[in-house]
Amino acid sequence: MTQNMISKGRLYITGLTGDGAKSDELWKEFDNLYTKNPFPKADEIRCEVRFYDGEKPAVRGQDVHVGYITENDAPVDGFTTLAIPLIDYAVLDTDLVKGSVSGNEAMTKWLAENSAQYKQLMIEGAVISMERYGGKSKGDRPDSIWIPVYGNCQSCGMPLVLEWLFGKDSTENIYGTEKDGSANRDYCYLCYVNGAFSTNYTMEEMIESCVPYTSNNNPWPDAETARSEMRKMYSKLKRWAK
């Protein structure tokens, strides 16, 4: 498999949700319903989004969503719409002509190799991946697998997901900036401005500045846990790694 990174705006996938072990049957149900009640679609690519809790399906019977990408989340009778926020994707080309390792193996390998820089997006407590059919693929295998991922600021550790920070309709910039105004995607807009860090903090000072925002179950239960976990995380961030 080959891999590249792309950025996409908010994606809407309108279709049906069901049992991942019976995805063929779910596609047949979708196709029958779509024939009776077609809706405008962005392209001809068929998308299959899978939800995982670790390596297992997240909720048995509700662990796959199949359908087409649409322009918005306007209600369509008989269908549901899954929304994925503006985010980056690691795109794994399944290289069907030459054959390849399985999609799950490739995803696991890529995520492990890039764990210091990227985390897999979670929706309602489950990580997701999207198989895409209909480009160069033939038969029932996808031509690519898209893994929605996000980076953390390599200074403060803040997750760089626009929707989480400012809401789904925001157009705010979340990235640091160079002197020429271009984005530096390694850092957030608070830590890196006009080509330089905005503070001269040591790592411990940065941690202390972030404790109020990361304790009280957001995500860590208390200040001491937040400090301990951030020390582990910060030691791997670009600004603080030795």
# chains A, B, ... in the order shown; residues from 1 in each chain; ligands from 1
$ residues_around --residues "segment 110-123 of chain A" --least-positions-apart "5" --cutoff "6 Å" --atoms "only C-alpha atoms" --output "PyMOL selection string"
chain A and resi 148-151
$ select_by_dssp --residues "segment 9-195 of chain A" --states "strand (DSSP E or B)" --output "number ranges by chain"
A: 11-18, 46-53, 56-57, 64-70, 80-84, 87-93, 118-120, 122-123, 126-133, 144-152, 159, 175-177, 183-188, 192-193
$ residues_around --residues "segment 71-87 of chain A" --least-positions-apart "3" --cutoff "6 Å" --atoms "only C-alpha atoms" --output "MDAnalysis selection string"
chainID A and resid 7:16
$ write_last_selection --atoms "C-alpha atoms" --output "CSV table (one decimal), in the first residue's frame"
chain,number,residue,atom,x,y,z
A,7,SER,CA,-7.1,17.7,4.1
A,8,LYS,CA,-10.9,17.7,3.6
A,9,GLY,CA,-13.6,20.0,4.8
A,10,ARG,CA,-16.6,18.7,6.7
A,11,LEU,CA,-17.9,15.5,5.1
A,12,TYR,CA,-21.4,14.3,5.1
A,13,ILE,CA,-22.1,10.7,4.2
A,14,THR,CA,-25.8,9.9,3.7
A,15,GLY,CA,-26.9,6.3,3.9
A,16,LEU,CA,-27.6,3.5,6.3
$ select_by_dssp --residues "segment 44-207 of chain A" --states "helix (DSSP H, G or I)" --output "PyMOL selection string"
chain A and resi 103-113+162-166+203-207
$ residues_around --residues "segment 169-184 of chain A" --least-positions-apart "2" --cutoff "12 Å" --atoms "only C-alpha atoms" --output "PyMOL selection string"
chain A and resi 9-10+85-87+151-156+158-167+186-198
$ closest_residue --among "A:Glu105, A:Ala42, A:Thr225, A:Gly157" --to "Cys210 of chain A" --atoms "only C-alpha atoms"
A:Gly157
$ closest_residue --among "A:Met130, A:Ala241, A:Val211, A:Leu33" --to "Ser228 of chain A" --atoms "only C-alpha atoms"
A:Val211
$ residues_around --residues "Trp240 of chain A" --least-positions-apart "5" --cutoff "12 Å" --atoms "only C-alpha atoms" --output "VMD selection string"
chain A and resid 153 to 157 201 to 207 230 to 235
$ residues_around --residues "Gln62 of chain A" --least-positions-apart "3" --cutoff "7 Å" --atoms "only C-alpha atoms" --output "list of chain:residue names"
A:Thr17, A:Gly18, A:Asp19, A:Val59
$ residues_around --residues "Glu131 of chain A" --least-positions-apart "4" --cutoff "12 Å" --atoms "only C-alpha atoms" --output "MDAnalysis selection string"
chainID A and resid 23 45:51 64:68 89:94 103:104 107 135 137 140:148
$ write_last_selection --atoms "C-alpha atoms" --output "tab-separated table (two decimals), in the first residue's frame"
chain	number	residue	atom	x	y	z
A	23	SER	CA	-22.17	-5.05	5.08
A	45	ILE	CA	-17.73	7.08	-4.83
A	46	ARG	CA	-19.39	4.63	-2.45
A	47	CYS	CA	-18.21	5.06	1.14
A	48	GLU	CA	-18.14	2.50	3.93
A	49	VAL	CA	-17.29	3.96	7.34
A	50	ARG	CA	-16.35	1.51	10.06
A	51	PHE	CA	-16.37	2.20	13.80
A	64	VAL	CA	-20.70	0.41	9.83
A	65	HIS	CA	-22.27	3.26	7.85
A	66	VAL	CA	-22.61	2.96	4.06
A	67	GLY	CA	-23.64	5.53	1.49
A	68	TYR	CA	-22.66	8.50	-0.69
A	89	TYR	CA	-6.78	11.97	6.25
A	90	ALA	CA	-4.05	9.42	5.82
A	91	VAL	CA	-5.01	7.87	2.48
A	92	LEU	CA	-3.90	4.28	1.99
A	93	ASP	CA	-4.00	3.19	-1.65
A	94	THR	CA	-4.81	-0.51	-1.60
A	103	GLY	CA	-6.42	-2.83	5.20
A	104	ASN	CA	-6.50	-3.40	8.95
A	107	MET	CA	-3.84	1.00	9.19
A	135	GLY	CA	-12.64	4.92	-8.43
A	137	SER	CA	-11.47	-0.49	-7.76
A	140	ASP	CA	-15.89	-5.74	-3.69
A	141	ARG	CA	-12.51	-4.39	-2.56
A	142	PRO	CA	-11.91	-0.68	-1.88
A	143	ASP	CA	-9.47	1.32	-3.96
A	144	SER	CA	-8.45	3.34	-0.92
A	145	ILE	CA	-8.88	3.57	2.83
A	146	TRP	CA	-9.10	7.00	4.43
A	147	ILE	CA	-8.08	7.29	8.09
A	148	PRO	CA	-9.28	10.58	9.64
$ atom_distance --atom1 "atom CA of Glu44 of chain A" --atom2 "atom CA of Gly61 of chain A"
26.1 Å
$ atom_distance --atom1 "atom CA of Glu229 of chain A" --atom2 "atom CA of Thr214 of chain A"
10.0 Å
